[in-house]
Structure formats: C-alpha cells, structure tokens
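Peer 1: Below you'll find the structure I mean.
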Amino acid sequence: MIQLKPGKYRRRILLLWRGFGIGLALLIFYIAAVNYNFFWLFGGMPDLKALENPKSEIASELISQDGKSLGKYLIENRSPVEISEISPNLINALLATEDTRFISHSGIDPRSLLRVAKGILTGNSSSGGGSTLTQQVAKNLFNTRSEEFEGTLSKIPGVRIVIAKTKEWILSIVLERKYTKQEIMQMYLNTVSFGNNAFGIKVAAKTYFNKDVFELDIPESALLVGMLQNPTIYNPVRFPQNALNRRNTVLAQMRKYDDITDDDFNVLSAKPLGLEFAMETHANGPAPYFWESMRGYLKAWVKMYNEENGTDLNLYTSGLRIYTTIDSRMQGYMEEALTRHMREQQKTFNDHWKGRNPWIDEDGKEIPGFINTAVRRLPYFNVLKNKLGEEEAWKVMNKPYKMKVFSWDGEKEMTMSPIDSIKYYKRFLRAGMMAMDPRNGHVKAWVGGINFKYFQYDHVKQGKRQPGSTFKPFVYTAGLDKNFITPCEKIMDSPVTFQAGIDDVNEDYTPKNSNGVYSEQPLTLRQALGKSVNSVTANIMKMVKANTVVDYAHKLGITSELPATPALCLGTGDVSVYEMVSAYSSFANGGYKVMPMTILRIEDRHGKLLAEFHEQQSQELSENMAYNMLYLMRGAVEDAGGTAGRLRQYGVTDGNEIAAKTGTSQNHSDGWFMGMTHNLVAGVWVGGEDRSIHYRSLALGQGGRVAMPAWGAFMQKVYNDQTLIQYRKGPFPRPEGYTGECATDSTTVSEDVYTPPAKSDDEGVLF
C-alpha cells in the first residue's frame, strides 16, 4: 500500500480524496434512493416487466381485403416502423444533429453533460442539450415526468427536473444493456412527436410529404429531424420560415460530419420545403362511414375479449390490426360514383325548388315553423335554454358569425347564424350505398353519406326509411313459396280493395298505381314486377296476408320491425340499406341467407391472431324459388317498359344478367334502387334529411332517377377494372332442370287471365 510522505500538501490531498469518496458514496446512495424510491420521496420507477416490454400507444388500424389502410382508431396517431425500412438519409441527419456519439456511448454521454454544465456556467445555452437518444427514448416510453412517477420531493420545481433526469439516466443504462443500438434508434423514431398529431417517423413522413419513410430524401429527412427540437416552433405548416432555417441547420450538421459535401449543401439548402401536407383523420380518409360503424362494434369486441381472456387491450392504444372485407378499389369507385351522382342531383333539386323552401306537407304547402321545430330538437339549443333562458337562447341562435360550410364546389367560409346554417343544410339531399358479395356475405363497399365531415349520420346501417317498391319482391316470394301463385300465371292490373273488418284495416284501402291508371289487362308476374305495378302486388298481399309477408322478409334478412298491414305491400315499413342488401343477397345466393360480414380477422401489434371470423349461411328458400325471383326481377332490366331499362346506357347489361328493383316511397320522399348480379348485390337510397323534403313530382323523385344512376356508374367502374377478376359479368347460376321461364313473358299482353282460387269470408276477397 502506497503511503503519502509527510508534507505540507498531504492534509489537503487527503481531504480531497475523502471528499471525493464521500461524494461518490452520496451519488451512489442518491441513485439507489431514486431507483428504489426511499421513503416515497422520489416517486416510483417503471418495473422490470415494463422495462422488458416498454409500452407505447399505437393506433389500431382498419385494413382492406386488398391490403390498404382504411383508417385508424387512435389517441395518438402512431404506427411503428422497422429500422430496416427507414431511409439512411434520415438516420444520418438524426445522428449528425441529435447524438453524434450515439454509437459509442452507453446511454449517457459525459462530454455532452460537460458541455451543458459549461453552458450553464457561462450563460450560453446554445451549445446544445445533454440528453442522448437513449435518454429521450426512456423519457418518451416511460413518461418519467408524469404525475404517476412523482414523489414528495417532486413538488419542488428545480428538484423535480433533477429527479426526472436521474430516472432517465438509470433507464438509459438499462435500455442500453437490454437492446441493441438499432433497436434503441427504432424505439426513438417510433415514439417522438412531429406535431399535427403525427407520432413516429412513419406517420410524419406520410403527413408532411405523403411518402413512405424509406422514400425520404435528404432535405425532407433534415426537415423532419429539425422539427424534433420543437415541433411547434418548427412546424412547417404554421411557421415555414422557421422550419426552413432549422432544416438548413440540420443540413449544415450533416455537412460538418461529411454526410453531404459543400456542393450538396449549397444545392439542398436552396430548395423549398416541398410539403404535401395532409393531416391523417378518418373524416378525410377512405370509407369514413364504415370506419365509424365498425368503431362501436370493435369497442364491444375488445371489451368481450378482455373479459374472456383477462387482457387489457385498448382499441385506441394497442395497435390492433383489423382486416376487413372491404375492397379499397370498389370503395373508391362507389365513393366516386355516388359523389358525382349526388352533385348532379343536388343541382336538379336546387333548380326544382329555386325561390322556395323544400319542406312541404302532403298538400304541397310549406310547413310553418319547420326550422324552429328543428332548432328546438337540438341538444345544443336545450343546453342554451337551460343556461340562459329561452329568449337569450334564441338570440344566440340568430347571431351570425364566420363558419366553414360544405358545398359541392368545395368547403366555403360564410357568415351566417346557427339558424341560417340549419336552413342551409336542410336543403341537401342525403344518400347511402352498400355492396356485398352474396356468395360469402363479404361487404365490399360502404358509403353512408355525401360528406362525413359535415354529415356524419350513416345512411347505410343507422338510417332507416320506407323502401317503397323495393319491398315488393318479399310479397312475391311469399306468394310463390306458399303456392298462391306460380311464375307463369297472370294477374289483372285492376284496383284491389282491402276491406275494413276483413283485411286488418280500419277503413277500406285501395292502393293506387304510381300513375293512377289501371290497364285492366292481365300481366305476368315478371311484367308486373318489372314495371312495378302496385295493383298486382296488392292482389298477392291480399292472398297471402301481411303477417306471412313479414315472416318472409324477416327470414330473408330484414331485422327491423315491420307493420303487418296491407300497406306493407308498397313498402311502408322503415328499413336500412344494410338490411335490404342482406335480404336481396338471399335471392342471388340460391336461397341461402348470408349474414353481412365486415371483419375477417383481428391481430395484435405483433401479428398474433386474436380472432378469426367466418361466414354464416342458412337456407331459407329453395334454389328454384330463389331463381324464380331473379328471373322475375330481370324483367325490370331486360323487358320493354322495365323500370331499370336505362341501365343499358352504362354498358353493364351486355353479356350480363342483372336482377333489379326500383323503389319510391310516398310523396317521393325516398328513392331506392336494388341491383343484383351473380357475384355482387348493391343497394342505394337517396332522400332528404326529413321526409317532408323531397321533389314535388314522381318524374324527378322516383328511384329510377334519384338512385339507379349511382348503381350503374359504380358497376361500370367495377367492370372497367380488369384487376377485379372475381367480379366479372355473367349469368346467374341456373338450377339443374329449372323450367320456370314463361313463354308469355313478353311485351305483348295475352288474354290469358289468372283467376284466383275462391276464398272464404274470413280470408277476404280479391276484388
């Protein structure tokens, strides 16, 4: 052992060593005290399990059947990316700017700490920070500065930061021991914020440049790295000059460390920002109505899964991968077709009502107080009334201010009062459309309205309206399946009266044809259904009774409650597009009811399968009976005078078989079209927000005009896409030995009149 010789400095040296030893011991004690939270003074540390499995909030994502993103469920918009997928340009920019000795240090960089200390002593804070990338990962992953990890001493402002920093040092050392440098850098880039609800480099690249992260060039990489210092001050959308200056600072750092040459710097620093900014939200993404409809279902599924498996999954933070049946191409085609059609319909509707308000009663007169009644139904108005009193609430509702509103020419800024905005939006026609593969129930496209940002009510599943004549096939099905009629028999087109006291009506009821005229000629079922003759449907309803029709509609796929009254034959019960597409698919699927299917499987963030879903089918009609109905409904498209004959102009009928039905409710409030091919069933509804808002004439308001063109345009786009090979044109599968076609189904009216069998008094009479 070396002993110091007596001298005049011996005492001072011993004191220094003693001080160093005491200081080192205190430092070790302090670090241990922080790590173990002595006397609850320092706040807790993430436990070992948390260190081994660091959590970060990752958005769950809806994915189409063809692999495209349909939107995310998120608190923070975050999608992880592998380090191998990240552009080398970005890694070089990051290391040159944020942590040049990242590869060599062990989580704490003493040189950086000395630089910070020097800056504090000299008052020069521009020399940079002391946090390494590893420390920033620790802070981001474990949120060490949150209240969860605060102790008694954390209430002291200066001490709070020192304790938090100490915890980050401890966690950094642990992270460096458990993970490789590549894994730590990957964690960092997946956890940092870039502003505008963009968390992680993958989302940032998409948000600011509409690129995948591996496509980022040098100036784009430099811009994103520059934002890390302060995503608000260097936000390129709000403060482009700040962002440009900061980007060039990063480029200068890259030049300093030989990642780029002087010439490169001169060229790149002169470039503009080149943003393609698009903040990712479900409102402007694909299939927003589908996204919203699935949200409620998925939240319920997550709750059930957690209860059954003892897990703590969260739809918004667990990074679930939800694979759907939606085809992104067909979804896009449906959105394009419906948007174009509704823009044209709105122009026609506006011209039709020019100078007048479109809310009218059954006599065609404007409904007095219509807007005031709508205002009184608003939750917002009732909150104002309870807080301010009714008089003041009306003043607020009448006070104009600037607001952004929807228009078919793009979003506009206007000055109007809340009451004015209600009047403005009431004039817009709404729509819902859905397509489904009848063979397996896969929902392929779902458009619930004209613009999700401004009209969030879903008219596919949430909205229910009278289907009009699109309900008639259920009446025909009941008549055929119960053997009251056969496909080749004829029924007279003449008035049919349901009698009070006999036919479940309080007073005599005689349904009228849409034009008020009866041909007094016998019609085959195909002719009557193709031309949508009301009297023939009423005749069949009188035979089979309303309760039987309700039963058939329900077993084929309608789930809504239906009124068991004679008027149901003309579609007076409210149903949704979702239900109608489901029920019509039973005809196209050989009599098998197939439940609409939207989710294929759900995986966790690591790709582990959590749930898999399968189609559900049950045979409700014979194959022959289902084909009978397809044969009858083809008349609307193929025969002269059929209500869907105009589909030929879309080029979708050549080499194809289409079974279809148009529908128009009372006063033309609802226009419907249902169309079936052998591999796709789609339905469309168009109408006002309120039933009192509609066209004044059948010529303008009928389903063949307000709804059918959207179906034709959609199918035209589907057939033009050669990649959709599973949805080509073709005939319906014909049952072996089928003999249901009728020689009398033609445009020439035969004199062979169907005479119904005699009925007892309690069953009612036909005429």
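Residue names in the structure tokens use chain letters A, B, ... in the order shown, residue numbers from 1 in each chain, and ligand numbers from 1 in the order shown.
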Enumerate as a ChimeraX atom specification all residues of range 153-322 of chain A assigned to helix (DSSP H, G or I) by DSSP on the backbone, naming them with the chain letters and numbers the document uses.
Peer 2: /A:153-155,157-178,181-191,201-209,213-215,218-227,240-256,262-268,288-309
Peer 1: Which residues are close to range 700-705 of chain A, i.e. within 9 Å by only C-alpha atoms, leaving aside same-chain residues fewer than 4 positions away? Reply as a CSV table (one decimal) with all heavy atoms, in the first residue's frame.
Peer 2:
chain,number,residue,atom,x,y,z
A,348,THR,N,-80.1,19.6,-59.6
A,348,THR,CA,-81.5,19.5,-60.1
A,348,THR,C,-82.5,19.8,-59.0
A,348,THR,O,-83.5,20.5,-59.2
A,348,THR,CB,-81.8,18.0,-60.6
A,348,THR,OG1,-80.8,17.7,-61.6
A,348,THR,CG2,-83.2,17.9,-61.1
A,349,PHE,N,-82.2,19.4,-57.8
A,349,PHE,CA,-83.1,19.7,-56.6
A,349,PHE,C,-83.1,21.2,-56.4
A,349,PHE,O,-84.2,21.7,-56.1
A,349,PHE,CB,-82.6,18.9,-55.4
A,349,PHE,CG,-83.5,18.9,-54.3
A,349,PHE,CD1,-84.7,18.1,-54.3
A,349,PHE,CD2,-83.3,19.7,-53.1
A,349,PHE,CE1,-85.5,18.1,-53.2
A,349,PHE,CE2,-84.1,19.7,-52.0
A,349,PHE,CZ,-85.3,18.9,-52.1
A,643,THR,N,-88.6,-0.8,-65.3
A,643,THR,CA,-88.2,0.5,-64.6
A,643,THR,C,-86.7,0.7,-64.5
A,643,THR,O,-86.2,1.7,-64.2
A,643,THR,CB,-88.8,0.5,-63.2
A,643,THR,OG1,-88.3,-0.6,-62.5
A,643,THR,CG2,-90.3,0.5,-63.2
A,644,ALA,N,-85.9,-0.4,-64.8
A,644,ALA,CA,-84.4,-0.3,-64.8
A,644,ALA,C,-83.8,-0.4,-66.1
A,644,ALA,O,-82.6,-0.7,-66.3
A,644,ALA,CB,-83.8,-1.3,-63.8
A,646,ARG,N,-82.9,1.7,-68.2
A,646,ARG,CA,-81.8,2.7,-68.5
A,646,ARG,C,-80.5,2.3,-68.1
A,646,ARG,O,-79.5,3.0,-68.4
A,646,ARG,CB,-82.2,4.1,-67.9
A,646,ARG,CG,-83.3,4.8,-68.6
A,646,ARG,CD,-83.4,6.3,-68.2
A,646,ARG,NE,-83.6,6.4,-66.8
A,646,ARG,CZ,-83.0,7.4,-66.0
A,646,ARG,NH1,-82.1,8.2,-66.6
A,646,ARG,NH2,-83.2,7.5,-64.7
A,661,LYS,N,-84.6,-3.9,-58.9
A,661,LYS,CA,-85.9,-3.3,-58.5
A,661,LYS,C,-85.7,-1.9,-58.1
A,661,LYS,O,-84.8,-1.5,-57.3
A,661,LYS,CB,-86.5,-4.1,-57.3
A,661,LYS,CG,-88.0,-3.7,-57.0
A,661,LYS,CD,-88.9,-4.1,-58.1
A,661,LYS,CE,-90.2,-3.4,-58.0
A,661,LYS,NZ,-90.2,-2.0,-58.5
A,662,THR,N,-86.6,-1.0,-58.6
A,662,THR,CA,-86.6,0.4,-58.2
A,662,THR,C,-87.6,0.6,-57.1
A,662,THR,O,-88.5,-0.3,-56.9
A,662,THR,CB,-87.0,1.3,-59.4
A,662,THR,OG1,-88.2,0.9,-59.9
A,662,THR,CG2,-85.9,1.3,-60.5
A,663,GLY,N,-87.5,1.7,-56.4
A,663,GLY,CA,-88.5,1.9,-55.3
A,663,GLY,C,-88.6,3.4,-55.0
A,663,GLY,O,-87.6,4.1,-55.0
A,664,THR,N,-89.9,3.8,-54.8
A,664,THR,CA,-90.1,5.2,-54.4
A,664,THR,C,-91.2,5.2,-53.4
A,664,THR,O,-92.3,4.6,-53.5
A,664,THR,CB,-90.7,6.0,-55.7
A,664,THR,OG1,-89.8,5.7,-56.8
A,664,THR,CG2,-90.7,7.5,-55.4
A,665,SER,N,-90.9,5.9,-52.3
A,665,SER,CA,-91.9,5.9,-51.2
A,665,SER,C,-93.0,7.0,-51.4
A,665,SER,O,-92.9,7.8,-52.4
A,665,SER,CB,-91.2,6.1,-49.8
A,665,SER,OG,-90.7,7.4,-49.8
A,667,ASN,N,-95.1,10.3,-51.6
A,667,ASN,CA,-94.7,11.7,-51.8
A,667,ASN,C,-93.2,11.8,-52.4
A,667,ASN,O,-92.7,12.9,-52.3
A,667,ASN,CB,-94.8,12.5,-50.6
A,667,ASN,CG,-96.3,12.7,-50.2
A,667,ASN,OD1,-97.2,12.7,-51.0
A,667,ASN,ND2,-96.5,12.8,-48.9
A,668,HIS,N,-92.7,10.7,-52.9
A,668,HIS,CA,-91.3,10.7,-53.5
A,668,HIS,C,-90.3,11.1,-52.4
A,668,HIS,O,-89.2,11.7,-52.8
A,668,HIS,CB,-91.2,11.7,-54.6
A,668,HIS,CG,-92.6,12.0,-55.3
A,668,HIS,ND1,-93.4,11.0,-55.8
A,668,HIS,CD2,-93.2,13.2,-55.5
A,668,HIS,CE1,-94.5,11.6,-56.3
A,668,HIS,NE2,-94.4,12.9,-56.1
A,669,SER,N,-90.5,10.8,-51.1
A,669,SER,CA,-89.6,11.2,-50.1
A,669,SER,C,-88.3,10.3,-50.1
A,669,SER,O,-87.2,10.7,-49.7
A,669,SER,CB,-90.2,11.0,-48.7
A,669,SER,OG,-91.3,11.9,-48.6
A,670,ASP,N,-88.4,9.1,-50.6
A,670,ASP,CA,-87.3,8.2,-50.6
A,670,ASP,C,-87.2,7.5,-52.0
A,670,ASP,O,-88.2,6.9,-52.5
A,670,ASP,CB,-87.5,7.1,-49.6
A,670,ASP,CG,-87.8,7.6,-48.2
A,670,ASP,OD1,-86.8,8.0,-47.5
A,670,ASP,OD2,-88.9,7.7,-47.8
A,671,GLY,N,-86.0,7.6,-52.6
A,671,GLY,CA,-85.7,6.9,-53.8
A,671,GLY,C,-84.7,5.8,-53.6
A,671,GLY,O,-83.7,5.9,-53.0
A,672,TRP,N,-85.1,4.6,-54.1
A,672,TRP,CA,-84.3,3.4,-53.9
A,672,TRP,C,-83.9,2.7,-55.2
A,672,TRP,O,-84.7,2.8,-56.2
A,672,TRP,CB,-85.0,2.4,-53.0
A,672,TRP,CG,-85.2,2.7,-51.6
A,672,TRP,CD1,-86.1,3.6,-51.0
A,672,TRP,CD2,-84.5,2.1,-50.4
A,672,TRP,NE1,-86.0,3.6,-49.7
A,672,TRP,CE2,-85.0,2.7,-49.3
A,672,TRP,CE3,-83.5,1.2,-50.3
A,672,TRP,CZ2,-84.6,2.4,-48.0
A,672,TRP,CZ3,-83.1,0.8,-49.1
A,672,TRP,CH2,-83.6,1.4,-47.9
A,673,PHE,N,-82.8,2.0,-55.2
A,673,PHE,CA,-82.5,1.0,-56.2
A,673,PHE,C,-81.7,-0.1,-55.7
A,673,PHE,O,-80.8,0.1,-54.9
A,673,PHE,CB,-81.7,1.7,-57.4
A,673,PHE,CG,-81.5,0.7,-58.5
A,673,PHE,CD1,-82.5,0.5,-59.4
A,673,PHE,CD2,-80.3,0.1,-58.7
A,673,PHE,CE1,-82.3,-0.4,-60.5
A,673,PHE,CE2,-80.1,-0.8,-59.7
A,673,PHE,CZ,-81.1,-1.1,-60.6
A,684,VAL,N,-79.0,1.3,-53.1
A,684,VAL,CA,-78.8,2.8,-53.0
A,684,VAL,C,-80.1,3.4,-52.4
A,684,VAL,O,-81.2,3.0,-52.9
A,684,VAL,CB,-78.5,3.4,-54.3
A,684,VAL,CG1,-78.1,4.9,-54.2
A,684,VAL,CG2,-77.4,2.6,-55.1
A,685,TRP,N,-79.9,4.3,-51.5
A,685,TRP,CA,-81.1,5.1,-51.1
A,685,TRP,C,-80.7,6.6,-51.2
A,685,TRP,O,-79.5,7.0,-50.9
A,685,TRP,CB,-81.4,4.9,-49.6
A,685,TRP,CG,-82.3,5.9,-49.0
A,685,TRP,CD1,-83.7,5.9,-49.1
A,685,TRP,CD2,-82.0,7.1,-48.3
A,685,TRP,NE1,-84.2,7.0,-48.5
A,685,TRP,CE2,-83.2,7.8,-48.0
A,685,TRP,CE3,-80.7,7.7,-48.0
A,685,TRP,CZ2,-83.2,9.0,-47.3
A,685,TRP,CZ3,-80.7,8.9,-47.3
A,685,TRP,CH2,-81.9,9.6,-47.0
A,686,VAL,N,-81.6,7.4,-51.7
A,686,VAL,CA,-81.4,8.9,-51.8
A,686,VAL,C,-82.7,9.6,-51.2
A,686,VAL,O,-83.8,9.2,-51.5
A,686,VAL,CB,-81.2,9.3,-53.2
A,686,VAL,CG1,-81.1,10.8,-53.3
A,686,VAL,CG2,-79.9,8.7,-53.7
A,687,GLY,N,-82.5,10.6,-50.4
A,687,GLY,CA,-83.6,11.4,-49.9
A,687,GLY,C,-83.2,12.5,-49.1
A,687,GLY,O,-82.0,12.8,-48.9
A,694,HIS,N,-88.4,16.8,-50.3
A,694,HIS,CA,-88.4,15.9,-51.5
A,694,HIS,C,-88.8,16.6,-52.7
A,694,HIS,O,-89.3,17.8,-52.7
A,694,HIS,CB,-89.4,14.7,-51.2
A,694,HIS,CG,-90.8,15.1,-50.8
A,694,HIS,ND1,-91.7,15.6,-51.7
A,694,HIS,CD2,-91.4,15.1,-49.6
A,694,HIS,CE1,-92.8,15.9,-51.1
A,694,HIS,NE2,-92.7,15.6,-49.8
A,695,TYR,N,-88.7,15.9,-53.9
A,695,TYR,CA,-89.2,16.5,-55.1
A,695,TYR,C,-90.7,16.6,-55.1
A,695,TYR,O,-91.4,15.8,-54.4
A,695,TYR,CB,-88.8,15.6,-56.3
A,695,TYR,CG,-87.3,15.8,-56.7
A,695,TYR,CD1,-86.4,14.8,-56.3
A,695,TYR,CD2,-86.9,16.9,-57.4
A,695,TYR,CE1,-85.0,14.9,-56.7
A,695,TYR,CE2,-85.5,17.0,-57.8
A,695,TYR,CZ,-84.6,16.0,-57.4
A,695,TYR,OH,-83.3,16.2,-57.8
A,696,ARG,N,-91.3,17.4,-55.9
A,696,ARG,CA,-92.8,17.5,-56.0
A,696,ARG,C,-93.4,16.6,-57.0
A,696,ARG,O,-94.6,16.5,-57.0
A,696,ARG,CB,-93.2,19.0,-56.3
A,696,ARG,CG,-92.7,20.0,-55.3
A,696,ARG,CD,-93.4,21.4,-55.5
A,696,ARG,NE,-93.1,21.9,-56.8
A,696,ARG,CZ,-92.0,22.7,-57.1
A,696,ARG,NH1,-91.1,22.9,-56.2
A,696,ARG,NH2,-91.9,23.2,-58.3
A,709,PRO,N,-78.9,5.7,-61.2
A,709,PRO,CA,-77.7,6.1,-61.9
A,709,PRO,C,-76.4,5.9,-61.1
A,709,PRO,O,-75.4,5.6,-61.6
A,709,PRO,CB,-77.9,7.6,-62.1
A,709,PRO,CG,-79.4,7.7,-62.2
A,709,PRO,CD,-79.9,6.8,-61.2
Peer 1: Near Glu520 in chain A, counting only C-alpha atoms, which residues have an atom at most 10 Å away, once you skip same-chain residues fewer than 2 positions from it, shown as a PDB file with C-alpha atoms, in the first residue's frame?
Peer 2:
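Written output follows (part_8.pdb):
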ATOM      1  CA  ILE A 491    -102.926 -11.273 -62.538  1.00  0.00           C
ATOM      2  CA  MET A 492    -105.207  -8.485 -63.691  1.00  0.00           C
ATOM      3  CA  ASP A 493    -103.987  -4.904 -63.404  1.00  0.00           C
ATOM      4  CA  SER A 494    -107.106  -3.508 -61.776  1.00  0.00           C
ATOM      5  CA  PRO A 495    -107.955  -1.912 -58.409  1.00  0.00           C
ATOM      6  CA  VAL A 517    -104.028   4.402 -64.113  1.00  0.00           C
ATOM      7  CA  TYR A 518    -105.006   0.726 -64.395  1.00  0.00           C
ATOM      8  CA  PRO A 522    -103.606  -9.379 -67.369  1.00  0.00           C
ATOM      9  CA  LEU A 523     -99.905  -9.200 -66.556  1.00  0.00           C
TER      10      LEU A 523
END
Peer 1: Tell me which of A:Leu621, A:Lys729, A:Arg601, A:Gly67 sits closest to Gly651 in chain A, counting only C-alpha atoms.
Peer 2: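 Comparing A:Leu621, A:Lys729, A:Arg601, A:Gly67 against Gly651 in chain A, the winner is A:Lys729.
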Peer 1: Just the residues within 10 Å of range 637-642 of chain A, please, counting only C-alpha atoms, with nothing from its chain fewer than 4 positions along; format it as a list of chain:residue names.
Peer 2: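 Near range 637-642 of chain A, the qualifying residues are A:Arg526, A:Gln527, A:Ala528, A:Leu529, A:Gly530, A:Lys531, A:Ser532, A:Met633, A:Arg646, A:Leu647, A:Arg648, A:Thr653, A:Glu657, A:Ile658, A:Ala659, A:Ala660, A:Lys661, A:Thr662, A:Gly675, A:Asp745, A:Ser746, A:Thr747, A:Thr748.
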Peer 1: For each of A:Lys608, A:Phe370, A:Tyr738, A:Pro418, take the minimum atom-to-atom distance to Ala393 in chain A, counting only C-alpha atoms, then give the residue where this is smallest.
Peer 2: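 When distances to Ala393 in chain A are compared using only C-alpha atoms, the smallest one comes from A:Pro418.
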Peer 1: By how many Å are CA of Tyr208 in chain A and CA of Leu275 in chain A apart?
Peer 2: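 CA of Tyr208 in chain A sits 5.7 Å away from CA of Leu275 in chain A.
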Peer 1: Compare A:Phe199, A:Phe471, A:Tyr509, A:Phe613 by their minimum atom-to-atom distance to Tyr552 in chain A, counting only C-alpha atoms, and give me the closest one.
Peer 2: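 Smallest separation from Tyr552 in chain A among the options: A:Phe471.
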Peer 1: Select from range 294-510 of chain A everything DSSP, run on the backbone, classes as strand (DSSP E or B), then give the selection as an MDAnalysis selection string.
Peer 2: chainID A and resid 318 321:324 359:360 366 401:405 412:416 429:436 442:447 465 490:492 498 509
